[in-house]
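Here's final-v1.cif, which has mmCIF, C-alpha atoms:
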```cif
data_data
loop_
_atom_site.label_atom_id
_atom_site.label_comp_id
_atom_site.auth_asym_id
_atom_site.auth_seq_id
_atom_site.Cartn_x
_atom_site.Cartn_y
_atom_site.Cartn_z
CA MET A 1 114.18 38.88 42.35
CA THR A 2 113.24 35.81 44.43
CA ASP A 3 110.82 33.09 43.29
CA ARG A 4 108.48 34.17 46.08
CA ALA A 5 108.51 37.77 44.91
CA LEU A 6 107.83 36.63 41.34
CA ALA A 7 104.90 34.53 42.57
CA GLU A 8 103.40 37.55 44.31
CA ILE A 9 103.45 39.73 41.21
CA ASP A 10 99.91 40.54 40.06
CA PRO A 11 99.83 40.75 36.25
CA ALA A 12 96.83 43.10 36.35
CA VAL A 13 98.67 45.51 38.67
CA GLU A 14 101.82 45.41 36.58
CA GLY A 15 99.74 45.81 33.43
CA LEU A 16 98.25 49.05 34.72
CA LEU A 17 101.67 50.33 35.83
CA ALA A 18 103.44 49.28 32.62
CA SER A 19 102.78 52.59 30.85
CA ALA A 20 103.70 54.82 33.81
CA PRO A 21 105.43 58.07 32.75
CA GLU A 22 109.19 58.17 32.70
CA GLY A 23 111.79 60.78 31.84
CA ASN A 24 112.89 64.12 33.21
CA ALA A 25 110.51 65.06 36.01
CA PRO A 26 111.28 67.47 38.86
CA ALA A 27 112.55 65.71 41.96
CA TRP A 28 109.40 66.45 43.99
CA LEU A 29 107.16 65.08 41.23
CA ALA A 30 109.27 61.96 40.71
CA ALA A 31 109.16 61.29 44.46
CA LEU A 32 105.38 61.71 44.53
CA ARG A 33 104.92 59.36 41.59
CA GLY A 34 107.21 56.86 43.29
CA ARG A 35 105.02 56.90 46.40
CA GLY A 36 102.00 56.16 44.23
CA VAL A 37 103.69 53.24 42.47
CA GLU A 38 104.88 51.75 45.75
CA ARG A 39 101.49 52.04 47.41
CA PHE A 40 99.56 50.60 44.45
CA ARG A 41 101.93 47.64 44.17
CA GLU A 42 101.68 47.06 47.90
CA THR A 43 97.87 47.06 47.97
CA GLY A 44 96.95 45.80 44.52
CA ILE A 45 93.47 45.66 43.04
CA PRO A 46 91.09 45.00 45.95
CA GLY A 47 89.05 41.80 45.92
CA ASN A 48 85.67 41.07 47.47
CA ARG A 49 87.30 39.92 50.70
CA VAL A 50 88.33 43.51 51.39
CA GLU A 51 85.47 44.94 53.44
CA ALA A 52 85.37 48.31 51.66
CA TRP A 53 85.04 46.52 48.29
CA ARG A 54 82.79 43.67 49.34
CA PHE A 55 79.90 44.68 47.11
CA THR A 56 81.90 46.14 44.21
CA ASP A 57 83.46 43.57 41.89
CA LEU A 58 86.56 44.86 40.08
CA LYS A 59 86.83 41.95 37.65
CA PRO A 60 86.23 44.31 34.68
CA LEU A 61 89.61 45.89 35.50
CA ARG A 62 91.28 42.51 35.12
CA LYS A 63 89.51 41.55 31.90
CA ARG A 64 90.88 44.47 29.87
CA THR A 65 94.33 45.89 29.34
CA TYR A 66 94.13 49.64 29.83
CA ARG A 67 97.04 51.80 28.72
CA TRP A 68 97.87 55.37 29.67
CA SER A 69 99.33 57.65 27.01
CA PRO A 70 100.69 61.20 27.24
CA GLU A 71 99.02 61.90 23.89
CA PRO A 72 95.21 62.12 23.70
CA GLY A 73 93.22 60.17 21.15
CA ARG A 74 90.96 61.63 18.49
CA LEU A 75 87.56 62.66 19.73
CA VAL A 76 84.59 60.80 18.30
CA ASP A 77 82.02 63.23 16.79
CA GLY A 78 84.05 66.19 18.01
CA GLY A 79 83.44 65.28 21.64
CA ALA A 80 79.98 66.84 21.91
CA PHE A 81 79.08 64.89 25.04
CA ALA A 82 78.93 67.54 27.75
CA LEU A 83 75.70 67.89 29.68
CA VAL A 84 76.58 71.37 30.91
CA PRO A 85 75.81 73.78 28.05
CA GLU A 86 78.49 76.07 26.69
CA GLY A 87 78.20 79.78 27.24
CA PHE A 88 76.95 79.69 30.82
CA GLY A 89 79.39 82.44 31.65
CA GLY A 90 82.36 80.91 33.40
CA PRO A 91 85.81 79.61 32.42
CA ARG A 92 85.72 76.19 30.76
CA LEU A 93 88.78 73.96 30.71
CA VAL A 94 88.54 70.84 28.54
CA PHE A 95 90.74 67.76 28.87
CA VAL A 96 90.87 64.85 26.42
CA ASP A 97 92.09 61.57 27.87
CA GLY A 98 93.40 63.56 30.82
CA VAL A 99 95.43 66.00 28.67
CA PHE A 100 94.58 69.72 28.59
CA ALA A 101 93.06 70.77 25.25
CA PRO A 102 93.35 74.58 25.00
CA GLU A 103 91.75 74.59 21.53
CA LEU A 104 88.52 73.22 23.03
CA SER A 105 88.55 75.32 26.19
CA GLY A 106 86.72 78.59 26.70
CA GLU A 107 88.10 81.84 28.10
CA GLY A 108 91.54 80.19 28.36
CA SER A 109 93.68 79.83 31.44
CA SER A 110 94.43 82.48 34.03
CA ALA A 111 96.44 82.93 37.19
CA ALA A 112 93.55 81.40 39.14
CA VAL A 113 92.55 78.65 36.68
CA SER A 114 95.07 76.66 34.67
CA SER A 115 96.21 73.20 33.66
CA LEU A 116 98.27 71.26 36.16
CA THR A 117 101.15 71.04 33.68
CA ALA A 118 101.37 74.83 33.48
CA ALA A 119 100.85 75.41 37.20
CA SER A 120 103.48 72.88 38.30
CA ALA A 121 106.24 74.13 36.02
CA ASP A 122 107.83 76.20 38.80
CA GLY A 123 107.30 73.61 41.55
CA ALA A 124 104.80 75.79 43.43
CA LEU A 125 102.38 72.86 43.79
CA GLY A 126 104.95 70.59 45.36
CA GLY A 127 103.65 71.12 48.88
CA LEU A 128 99.98 70.96 47.91
CA LEU A 129 99.68 67.94 45.61
CA GLY A 130 99.14 64.81 47.65
CA SER A 131 98.70 66.73 50.91
CA VAL A 132 94.93 66.13 51.22
CA VAL A 133 94.19 62.70 49.75
CA ASN A 134 95.10 59.66 51.84
CA LEU A 135 97.01 57.18 49.68
CA GLU A 136 96.95 54.60 52.44
CA ARG A 137 93.16 54.44 52.35
CA HIS A 138 92.55 55.01 48.63
CA VAL A 139 94.44 52.60 46.42
CA PHE A 140 93.25 54.12 43.15
CA ALA A 141 94.32 57.56 44.33
CA ALA A 142 97.75 55.97 44.66
CA LEU A 143 97.48 54.73 41.07
CA ASN A 144 96.49 58.22 39.95
CA THR A 145 99.53 59.61 41.76
CA ALA A 146 101.81 57.13 39.98
CA PHE A 147 100.72 58.73 36.67
CA LEU A 148 100.55 62.33 37.89
CA SER A 149 101.02 64.53 34.84
CA ASP A 150 98.06 66.75 33.95
CA GLY A 151 94.74 68.02 35.22
CA ALA A 152 93.28 71.27 36.51
CA VAL A 153 94.43 73.74 39.13
CA ILE A 154 92.10 76.34 40.65
CA ARG A 155 93.62 78.68 43.24
CA ILE A 156 91.32 81.48 44.39
CA PRO A 157 93.17 84.26 46.24
CA LYS A 158 92.16 85.77 49.56
CA ASP A 159 88.64 87.26 49.66
CA ALA A 160 88.13 86.74 45.91
CA ALA A 161 84.77 85.44 44.68
CA PRO A 162 84.41 84.68 40.95
CA GLU A 163 80.82 85.32 39.95
CA ALA A 164 80.45 82.48 37.46
CA PRO A 165 81.12 78.79 38.11
CA ILE A 166 84.28 77.20 36.71
CA HIS A 167 83.61 74.24 34.41
CA LEU A 168 86.16 71.42 34.09
CA LEU A 169 85.23 68.96 31.34
CA PHE A 170 87.09 65.64 31.15
CA LEU A 171 86.41 63.69 27.95
CA VAL A 172 87.53 60.24 26.88
CA SER A 173 88.21 60.06 23.18
CA GLY A 174 86.68 56.72 22.19
CA GLY A 175 87.97 54.38 19.53
CA GLY A 176 91.27 52.56 19.55
CA GLU A 177 92.56 50.42 22.41
CA PRO A 178 91.11 50.76 25.93
CA ARG A 179 92.59 53.83 27.61
CA ALA A 180 93.54 54.59 31.19
CA VAL A 181 92.98 58.19 32.25
CA TYR A 182 94.32 59.72 35.47
CA PRO A 183 93.40 63.42 35.76
CA ARG A 184 94.25 65.34 38.91
CA THR A 185 92.32 68.41 40.08
CA VAL A 186 93.47 70.80 42.79
CA ILE A 187 91.12 73.42 44.23
CA GLU A 188 92.39 75.88 46.82
CA ALA A 189 90.28 78.68 48.24
CA ALA A 190 92.33 81.05 50.36
CA SER A 191 90.98 82.80 53.44
CA GLY A 192 87.60 84.42 52.75
CA ALA A 193 87.42 83.23 49.13
CA ARG A 194 84.34 81.84 47.40
CA VAL A 195 84.21 79.55 44.35
CA ARG A 196 81.86 77.18 42.51
CA VAL A 197 83.29 74.37 40.40
CA ILE A 198 81.65 71.83 38.05
CA GLU A 199 83.79 68.77 37.36
CA GLU A 200 82.20 66.80 34.51
CA TYR A 201 83.24 63.43 33.08
CA ALA A 202 81.77 62.39 29.73
CA GLY A 203 82.45 60.39 26.59
CA PRO A 204 80.96 58.32 23.78
CA ALA A 205 78.96 55.21 24.56
CA GLU A 206 81.38 52.91 22.73
CA ALA A 207 84.55 54.16 24.46
CA GLU A 208 86.32 51.54 26.57
CA ALA A 209 88.13 53.47 29.26
CA PHE A 210 89.29 53.30 32.84
CA THR A 211 89.13 56.67 34.57
CA ALA A 212 90.69 57.12 38.02
CA PRO A 213 90.53 60.84 38.84
CA VAL A 214 91.56 62.50 42.10
CA THR A 215 90.34 65.89 43.32
CA GLU A 216 92.05 67.58 46.26
CA ILE A 217 90.28 70.56 47.84
CA VAL A 218 91.61 72.95 50.47
CA VAL A 219 89.07 75.38 51.95
CA GLY A 220 90.77 78.14 53.90
CA GLU A 221 89.53 80.01 56.97
CA ASN A 222 86.08 81.55 56.36
CA ALA A 223 86.23 80.38 52.73
CA SER A 224 83.57 78.51 50.78
CA VAL A 225 83.73 75.91 47.99
CA ASP A 226 80.70 74.54 46.14
CA HIS A 227 81.86 71.50 44.15
CA VAL A 228 79.79 69.40 41.74
CA LYS A 229 81.14 66.15 40.32
CA LEU A 230 79.05 64.93 37.40
CA GLN A 231 79.89 61.45 36.08
CA ARG A 232 78.17 60.47 32.84
CA GLU A 233 80.72 58.55 30.82
CA GLY A 234 79.80 55.82 28.33
CA ALA A 235 78.36 52.43 29.16
CA LYS A 236 81.73 50.65 28.81
CA THR A 237 83.67 52.92 31.16
CA VAL A 238 85.07 51.97 34.57
CA HIS A 239 85.30 55.06 36.80
CA LEU A 240 86.97 54.89 40.23
CA GLY A 241 87.35 58.41 41.60
CA THR A 242 88.38 60.09 44.84
CA VAL A 243 87.44 63.51 46.21
CA ALA A 244 89.27 64.70 49.34
CA ALA A 245 88.65 68.02 51.09
CA ARG A 246 90.24 69.69 54.11
CA LEU A 247 88.39 72.52 55.84
CA GLU A 248 90.01 75.13 58.05
CA ARG A 249 88.35 77.26 60.73
CA ASN A 250 84.78 78.34 59.87
CA ALA A 251 85.12 77.01 56.31
CA ARG A 252 82.15 75.83 54.26
CA PHE A 253 82.12 72.99 51.71
CA SER A 254 79.23 71.70 49.61
CA GLY A 255 79.95 68.57 47.63
CA HIS A 256 77.50 67.19 45.07
CA SER A 257 78.15 63.77 43.51
CA LEU A 258 75.95 62.98 40.51
CA SER A 259 76.40 59.55 38.88
CA ILE A 260 74.30 58.80 35.82
CA GLY A 261 76.71 57.03 33.45
CA GLY A 262 79.42 54.40 33.23
CA ARG A 263 79.49 50.63 33.60
CA LEU A 264 81.24 50.33 36.96
CA VAL A 265 81.43 53.54 38.98
CA ARG A 266 82.69 54.34 42.44
CA THR A 267 83.32 57.70 44.08
CA ASP A 268 85.01 58.01 47.46
CA VAL A 269 84.51 61.33 49.27
CA ASP A 270 86.66 62.23 52.29
CA VAL A 271 86.10 65.41 54.28
CA ASP A 272 88.43 66.48 57.07
CA LEU A 273 86.73 69.05 59.30
CA ALA A 274 90.09 70.18 60.62
CA GLY A 275 89.15 73.66 61.83
CA GLU A 276 86.73 74.62 64.56
CA GLY A 277 83.37 75.78 63.21
CA ALA A 278 83.81 74.10 59.81
CA GLU A 279 80.70 72.81 58.02
CA CYS A 280 80.13 70.45 55.11
CA ALA A 281 77.13 69.23 53.15
CA LEU A 282 77.47 66.15 50.97
CA ASN A 283 74.70 65.48 48.48
CA GLY A 284 74.53 62.56 46.07
CA LEU A 285 72.20 61.37 43.34
CA TYR A 286 72.74 58.21 41.33
CA ALA A 287 70.38 57.13 38.57
CA VAL A 288 71.34 53.89 36.85
CA ALA A 289 69.72 51.13 34.82
CA GLY A 290 70.53 47.98 32.88
CA ARG A 291 73.57 46.30 34.45
CA GLN A 292 75.22 49.46 35.70
CA HIS A 293 76.88 49.45 39.12
CA VAL A 294 77.42 52.58 41.22
CA ASP A 295 79.14 52.85 44.60
CA HIS A 296 79.54 55.82 46.95
CA HIS A 297 81.77 55.70 50.01
CA THR A 298 81.92 58.78 52.24
CA TYR A 299 84.12 59.51 55.24
CA VAL A 300 83.60 62.63 57.33
CA ASP A 301 86.15 63.26 60.08
CA HIS A 302 84.98 65.64 62.82
CA ALA A 303 88.47 66.42 64.07
CA SER A 304 87.57 69.73 65.75
CA PRO A 305 84.79 71.01 68.03
CA HIS A 306 81.71 72.88 66.83
CA THR A 307 81.72 71.24 63.40
CA VAL A 308 78.67 70.29 61.35
CA SER A 309 78.11 67.70 58.62
CA ARG A 310 75.05 66.86 56.57
CA GLN A 311 74.83 63.94 54.14
CA LEU A 312 71.93 63.06 51.87
CA TYR A 313 72.33 60.50 49.07
CA LYS A 314 69.49 59.25 46.88
CA GLY A 315 69.47 56.48 44.31
CA VAL A 316 67.11 55.55 41.47
CA LEU A 317 67.80 52.08 40.06
CA ASP A 318 66.11 50.25 37.22
CA GLY A 319 66.70 46.97 35.36
CA ARG A 320 69.39 44.84 37.00
CA ALA A 321 71.39 47.82 38.23
CA THR A 322 73.16 47.62 41.59
CA GLY A 323 74.15 50.31 44.04
CA VAL A 324 76.25 50.68 47.17
CA PHE A 325 76.29 53.42 49.79
CA ASN A 326 78.69 53.30 52.72
CA GLY A 327 78.85 56.43 54.82
CA ARG A 328 81.19 56.72 57.78
CA VAL A 329 81.17 59.60 60.27
CA LEU A 330 83.98 59.80 62.82
CA ILE A 331 83.66 62.10 65.83
CA ARG A 332 87.00 62.22 67.59
CA GLU A 333 87.69 62.44 71.29
CA GLY A 334 87.65 66.06 72.35
CA ALA A 335 85.55 67.15 69.38
CA GLN A 336 82.56 68.39 71.37
CA ARG A 337 79.39 70.18 70.26
CA ILE A 338 79.18 68.24 67.01
CA ASP A 339 76.09 68.08 64.79
CA ALA A 340 76.13 65.27 62.20
CA SER A 341 73.42 63.65 60.11
CA GLN A 342 73.50 61.05 57.36
CA THR A 343 70.66 59.70 55.18
CA ASN A 344 70.54 57.34 52.21
CA ASN A 345 67.24 56.78 50.38
CA ASN A 346 66.80 54.46 47.41
CA LEU A 347 64.01 53.95 44.89
CA LEU A 348 63.97 50.60 43.05
CA LEU A 349 62.06 50.60 39.76
CA SER A 350 62.34 46.85 39.12
CA ASP A 351 62.36 43.63 41.11
CA GLU A 352 65.93 42.87 40.00
CA ALA A 353 67.56 46.14 41.07
CA LEU A 354 69.63 45.87 44.26
CA VAL A 355 71.15 48.27 46.79
CA ASN A 356 73.49 47.64 49.72
CA THR A 357 73.51 50.51 52.19
CA ASN A 358 75.54 50.88 55.38
CA PRO A 359 75.60 54.20 57.28
CA GLU A 360 78.15 54.22 60.13
CA LEU A 361 78.76 56.42 63.17
CA GLU A 362 81.89 56.28 65.33
CA ILE A 363 81.58 58.58 68.34
CA PHE A 364 84.31 59.23 70.89
CA ALA A 365 82.86 62.42 72.42
CA ASP A 366 79.83 62.93 74.65
CA ASP A 367 78.39 66.33 73.67
CA VAL A 368 77.16 65.52 70.18
CA LYS A 369 74.03 65.30 68.02
CA ALA A 370 74.41 62.47 65.53
CA ARG A 371 71.84 60.54 63.52
CA HIS A 372 71.71 58.32 60.47
CA GLY A 373 69.19 56.33 58.48
CA ALA A 374 68.57 54.49 55.24
CA THR A 375 65.55 53.39 53.21
CA ILE A 376 65.06 51.09 50.22
CA GLY A 377 61.69 50.89 48.54
CA GLN A 378 59.68 50.88 45.34
CA ILE A 379 57.23 53.37 43.90
CA ASP A 380 54.38 53.96 46.34
CA GLU A 381 51.35 52.15 44.93
CA ASP A 382 48.96 54.44 46.80
CA ALA A 383 50.59 57.54 45.29
CA LEU A 384 50.51 55.89 41.85
CA PHE A 385 46.81 55.02 42.28
CA TYR A 386 46.05 58.59 43.36
CA LEU A 387 47.63 60.05 40.22
CA ARG A 388 45.93 57.46 38.00
CA SER A 389 42.58 58.32 39.59
CA ARG A 390 43.14 61.93 38.47
CA GLY A 391 43.32 60.90 34.82
CA ILE A 392 47.11 60.62 34.55
CA ASP A 393 48.31 57.58 32.61
CA GLN A 394 50.67 54.98 34.11
CA ALA A 395 53.87 56.20 32.42
CA GLU A 396 53.29 59.86 33.26
CA ALA A 397 52.35 59.07 36.86
CA ARG A 398 55.51 57.02 37.23
CA ARG A 399 57.60 59.85 35.76
CA ILE A 400 56.09 62.38 38.17
CA LEU A 401 56.89 60.23 41.20
CA ILE A 402 60.47 59.60 40.07
CA GLN A 403 61.02 63.29 39.41
CA GLY A 404 59.57 64.10 42.81
CA PHE A 405 61.97 61.67 44.49
CA ALA A 406 65.04 62.97 42.65
CA GLY A 407 63.91 66.60 42.54
CA GLU A 408 65.07 67.35 46.08
CA MET A 409 68.65 66.54 45.07
CA LEU A 410 68.47 68.63 41.92
CA GLU A 411 67.22 71.62 43.90
CA ARG A 412 70.37 71.42 46.02
CA VAL A 413 72.51 72.03 42.93
CA GLY A 414 72.77 75.80 43.00
CA ILE A 415 73.94 76.20 39.38
CA GLU A 416 70.82 76.69 37.28
CA PRO A 417 72.05 75.58 33.81
CA LEU A 418 73.33 72.32 35.28
CA ARG A 419 70.17 71.76 37.33
CA ASP A 420 67.96 72.23 34.25
CA ALA A 421 70.13 69.93 32.12
CA LEU A 422 70.02 67.21 34.77
CA ALA A 423 66.24 67.45 35.10
CA ALA A 424 65.83 67.06 31.35
CA PHE A 425 68.22 64.09 31.27
CA LEU A 426 66.40 62.26 34.06
CA GLU A 427 63.01 62.91 32.51
CA GLU A 428 64.17 61.42 29.21
CA ARG A 429 65.88 58.44 30.86
CA PHE A 430 63.03 57.32 33.12
#
```
Could you write out this file's structure as structure tokens?
Amino acid sequence: MTDRALAEIDPAVEGLLASAPEGNAPAWLAALRGRGVERFRETGIPGNRVEAWRFTDLKPLRKRTYRWSPEPGRLVDGGAFALVPEGFGGPRLVFVDGVFAPELSGEGSSAAVSSLTAASADGALGGLLGSVVNLERHVFAALNTAFLSDGAVIRIPKDAAPEAPIHLLFLVSGGGEPRAVYPRTVIEAASGARVRVIEEYAGPAEAEAFTAPVTEIVVGENASVDHVKLQREGAKTVHLGTVAARLERNARFSGHSLSIGGRLVRTDVDVDLAGEGAECALNGLYAVAGRQHVDHHTYVDHASPHTVSRQLYKGVLDGRATGVFNGRVLIREGAQRIDASQTNNNLLLSDEALVNTNPELEIFADDVKARHGATIGQIDEDALFYLRSRGIDQAEARRILIQGFAGEMLERVGIEPLRDALAAFLEERF
């Protein structure tokens, strides 16, 4: 290796890659991991001079040495950290430090729902894994791919429609040295299928962890996927996740991103409206306080005519918390009769909370309806005075207004047990 090459080595990058899995992997999996390693080394950990990371400082990644292990750690307090209650009726797959834990899971695996390790044993996922997420654009998806080993696979056959939601629970163990966790989730709804999935990330407050999950979603012709990502890991966790979805003709996708935990959190959501008549709705709610930082980047690609996208993200920030929203909508040349909207509203509960918001539209067609907007404000003093004048004390009036602001997002979550649990959490927090 040349002196120049040695000088260009980033110790933080090599530190993250040092524990990458080795050994006897199928050729297709080894090749996929190799692509991830190459891309992550090529890009490195983004700095603030990279436009997409300008407001999100990744120094916490450089200040700790995070190690991946094929063996999960021991759960603190039995891992009772899930917000979604047990017994809501659907399959529940539990993962500890990214490794499937059948002893903690409910209703077990099936042909439609299984761990990635079990599903990839025969190589059937070789053409699906990595086919939706863009490793060129998402550096931490590349890192996840370098460690590709376990996660969840949901494949709903043609015209099937499971009645109950599927719950995927990803826990970090806590205790011991800081852990790196790289779960992969694959959701595929074949033509005419319908499925609802809750993807929950949780863990103890004291756990030092770096979680970089990737979820790839394929929605077939006339199919529908309702996906909820709930991030509520401990206050020392760094979470950098990617959700990528591809929609075929007349497909429907609802994506809900709920961020209420973690120290440094970012979720990138990419939606490719590949088929004519496809529709997506992206909803986000982030509620943070203290010194928490939360970042949402969305990218909706209207690649075909007659496609529709709706985005609504809301943030509630207290203390010295910071937030970022960057939403990009691309309407390609030839993609006519498009309807796209994008809104980001933020409620600041303190003078020190800060939000950077940047909705973007790129339009290369002429027969479109496209709009975007953003607001940043504090609690309406007139509304607060009105409630106080009706005999409601300051704290209760404040709670009512916060719940009213966030309530619209909770109503969009169509899974009642989760909606009720979120409402209770927010009421207690604020």
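Residues matched by the PyMOL selection byres ((chain A and resi 132) around 9) in this structure: A:Leu128, A:Leu129, A:Gly130, A:Ser131, A:Val133, A:Asn134, A:Glu216, A:Ile217, A:Val218, A:Ala244, A:Ala245, A:Arg246, A:Asp272.
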Considering all atoms listed in the file, tabulate each residue of region 51-160 of chain A that lies at most 10 Å from region 322-327 of chain A along with its nearest interatomic pair and the corresponding distance in Å to one decimal; arrange the rows by chain and ascending residue number and present them as a tab-separated table.
```
residue	atom	partner	partner_atom	distance
A:Ala52	CA	A:Asn326	CA	8.4
A:Trp53	CA	A:Val324	CA	9.8
A:Arg54	CA	A:Val324	CA	9.8
A:Phe55	CA	A:Val324	CA	7.0
A:Thr56	CA	A:Val324	CA	7.8
```
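Around Ala335 (chain A), within 7 Å and counting only C-alpha atoms, the residues found are His302, Ala303, Ser304, Pro305, Ile331, Arg332, Glu333, Arg337, Ile338 and Ala365 of chain A, once anything fewer than 2 positions away on its own chain is removed.
You will find CA of Gly73 (chain A) at 17.3 Å from CA of Ala20 (chain A).
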With all atoms listed in the file as the counted atoms, please give the residues lying no more than 12 Å from Glu163 (chain A), apart from itself and same-chain residues fewer than 6 positions off, as a ChimeraX atom specification.
/A:88-91,193-197,415
Step by step, work through what the PyMOL selection byres ((chain A and resi 15) around 10) selects in the shown file, and finish by giving those residues as a PyMOL selection string.
chain A and resi 10-14+16-20+62+64-67
Measure the distance from CA of Ala161 (chain A) to CA of Val308 (chain A) in Å and round it to one decimal.
23.3 Å
Using only C-alpha atoms and a cutoff of 12 Å, can you tell me which residues are near (104.2, 53.6, 40.8) in the file's coordinates, and write them out as a tab-separated table (two decimals) with C-alpha atoms, in the coordinates of the input?
```
chain	number	residue	atom	x	y	z
A	13	VAL	CA	98.67	45.51	38.67
A	14	GLU	CA	101.82	45.41	36.58
A	15	GLY	CA	99.74	45.81	33.43
A	16	LEU	CA	98.25	49.05	34.72
A	17	LEU	CA	101.67	50.33	35.83
A	18	ALA	CA	103.44	49.28	32.62
A	19	SER	CA	102.78	52.59	30.85
A	20	ALA	CA	103.70	54.82	33.81
A	21	PRO	CA	105.43	58.07	32.75
A	22	GLU	CA	109.19	58.17	32.70
A	29	LEU	CA	107.16	65.08	41.23
A	30	ALA	CA	109.27	61.96	40.71
A	31	ALA	CA	109.16	61.29	44.46
A	32	LEU	CA	105.38	61.71	44.53
A	33	ARG	CA	104.92	59.36	41.59
A	34	GLY	CA	107.21	56.86	43.29
A	35	ARG	CA	105.02	56.90	46.40
A	36	GLY	CA	102.00	56.16	44.23
A	37	VAL	CA	103.69	53.24	42.47
A	38	GLU	CA	104.88	51.75	45.75
A	39	ARG	CA	101.49	52.04	47.41
A	40	PHE	CA	99.56	50.60	44.45
A	41	ARG	CA	101.93	47.64	44.17
A	42	GLU	CA	101.68	47.06	47.90
A	43	THR	CA	97.87	47.06	47.97
A	44	GLY	CA	96.95	45.80	44.52
A	135	LEU	CA	97.01	57.18	49.68
A	139	VAL	CA	94.44	52.60	46.42
A	140	PHE	CA	93.25	54.12	43.15
A	141	ALA	CA	94.32	57.56	44.33
A	142	ALA	CA	97.75	55.97	44.66
A	143	LEU	CA	97.48	54.73	41.07
A	144	ASN	CA	96.49	58.22	39.95
A	145	THR	CA	99.53	59.61	41.76
A	146	ALA	CA	101.81	57.13	39.98
A	147	PHE	CA	100.72	58.73	36.67
A	148	LEU	CA	100.55	62.33	37.89
```
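Counting all atoms listed in the file and comparing A:Gln311, A:Gln394, A:Ser69, A:Ser257, the residue that lies closest to Asp295 (chain A) is A:Ser257.
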Would you pick out the contacts of Leu58 (chain A) at 8 Å or less, using only C-alpha atoms, so that residues sharing its chain but fewer than 2 positions from it are not included, and give the list as a PDB file with C-alpha atoms, keeping the file's coordinate frame?
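And here's result.pdb as it stands now:
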```
ATOM      1  CA  ILE A  45      93.470  45.660  43.040  1.00  0.00           C
ATOM      2  CA  PRO A  46      91.090  45.000  45.950  1.00  0.00           C
ATOM      3  CA  GLY A  47      89.050  41.800  45.920  1.00  0.00           C
ATOM      4  CA  THR A  56      81.900  46.140  44.210  1.00  0.00           C
ATOM      5  CA  PRO A  60      86.230  44.310  34.680  1.00  0.00           C
ATOM      6  CA  LEU A  61      89.610  45.890  35.500  1.00  0.00           C
ATOM      7  CA  ARG A  62      91.280  42.510  35.120  1.00  0.00           C
TER       8      ARG A  62
END
```
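Among the candidates A:Ala207, A:Ala160, A:Leu273, A:Val294, the one nearest to Pro178 (chain A) when counting all atoms listed in the file is A:Ala207.
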Please evaluate the PyMOL selection byres ((chain A and resi 397-414) around 9) against the displayed coordinates and give the resulting residues as a ChimeraX atom specification.
/A:226,228,256,283-285,287,312-316,347,379-380,383-385,387-388,392-396,415-416,418-420,422-423,426-427,430
With C-alpha atoms retained, write the just-selected residues as a PDB file, in the frame of the given file.
```pdb
ATOM      1  CA  ASP A 226      80.700  74.540  46.140  1.00  0.00           C
ATOM      2  CA  VAL A 228      79.790  69.400  41.740  1.00  0.00           C
ATOM      3  CA  HIS A 256      77.500  67.190  45.070  1.00  0.00           C
ATOM      4  CA  ASN A 283      74.700  65.480  48.480  1.00  0.00           C
ATOM      5  CA  GLY A 284      74.530  62.560  46.070  1.00  0.00           C
ATOM      6  CA  LEU A 285      72.200  61.370  43.340  1.00  0.00           C
ATOM      7  CA  ALA A 287      70.380  57.130  38.570  1.00  0.00           C
ATOM      8  CA  LEU A 312      71.930  63.060  51.870  1.00  0.00           C
ATOM      9  CA  TYR A 313      72.330  60.500  49.070  1.00  0.00           C
ATOM     10  CA  LYS A 314      69.490  59.250  46.880  1.00  0.00           C
ATOM     11  CA  GLY A 315      69.470  56.480  44.310  1.00  0.00           C
ATOM     12  CA  VAL A 316      67.110  55.550  41.470  1.00  0.00           C
ATOM     13  CA  LEU A 347      64.010  53.950  44.890  1.00  0.00           C
ATOM     14  CA  ILE A 379      57.230  53.370  43.900  1.00  0.00           C
ATOM     15  CA  ASP A 380      54.380  53.960  46.340  1.00  0.00           C
ATOM     16  CA  ALA A 383      50.590  57.540  45.290  1.00  0.00           C
ATOM     17  CA  LEU A 384      50.510  55.890  41.850  1.00  0.00           C
ATOM     18  CA  PHE A 385      46.810  55.020  42.280  1.00  0.00           C
ATOM     19  CA  LEU A 387      47.630  60.050  40.220  1.00  0.00           C
ATOM     20  CA  ARG A 388      45.930  57.460  38.000  1.00  0.00           C
ATOM     21  CA  ILE A 392      47.110  60.620  34.550  1.00  0.00           C
ATOM     22  CA  ASP A 393      48.310  57.580  32.610  1.00  0.00           C
ATOM     23  CA  GLN A 394      50.670  54.980  34.110  1.00  0.00           C
ATOM     24  CA  ALA A 395      53.870  56.200  32.420  1.00  0.00           C
ATOM     25  CA  GLU A 396      53.290  59.860  33.260  1.00  0.00           C
ATOM     26  CA  ILE A 415      73.940  76.200  39.380  1.00  0.00           C
ATOM     27  CA  GLU A 416      70.820  76.690  37.280  1.00  0.00           C
ATOM     28  CA  LEU A 418      73.330  72.320  35.280  1.00  0.00           C
ATOM     29  CA  ARG A 419      70.170  71.760  37.330  1.00  0.00           C
ATOM     30  CA  ASP A 420      67.960  72.230  34.250  1.00  0.00           C
ATOM     31  CA  LEU A 422      70.020  67.210  34.770  1.00  0.00           C
ATOM     32  CA  ALA A 423      66.240  67.450  35.100  1.00  0.00           C
ATOM     33  CA  LEU A 426      66.400  62.260  34.060  1.00  0.00           C
ATOM     34  CA  GLU A 427      63.010  62.910  32.510  1.00  0.00           C
ATOM     35  CA  PHE A 430      63.030  57.320  33.120  1.00  0.00           C
TER      36      PHE A 430
END
```
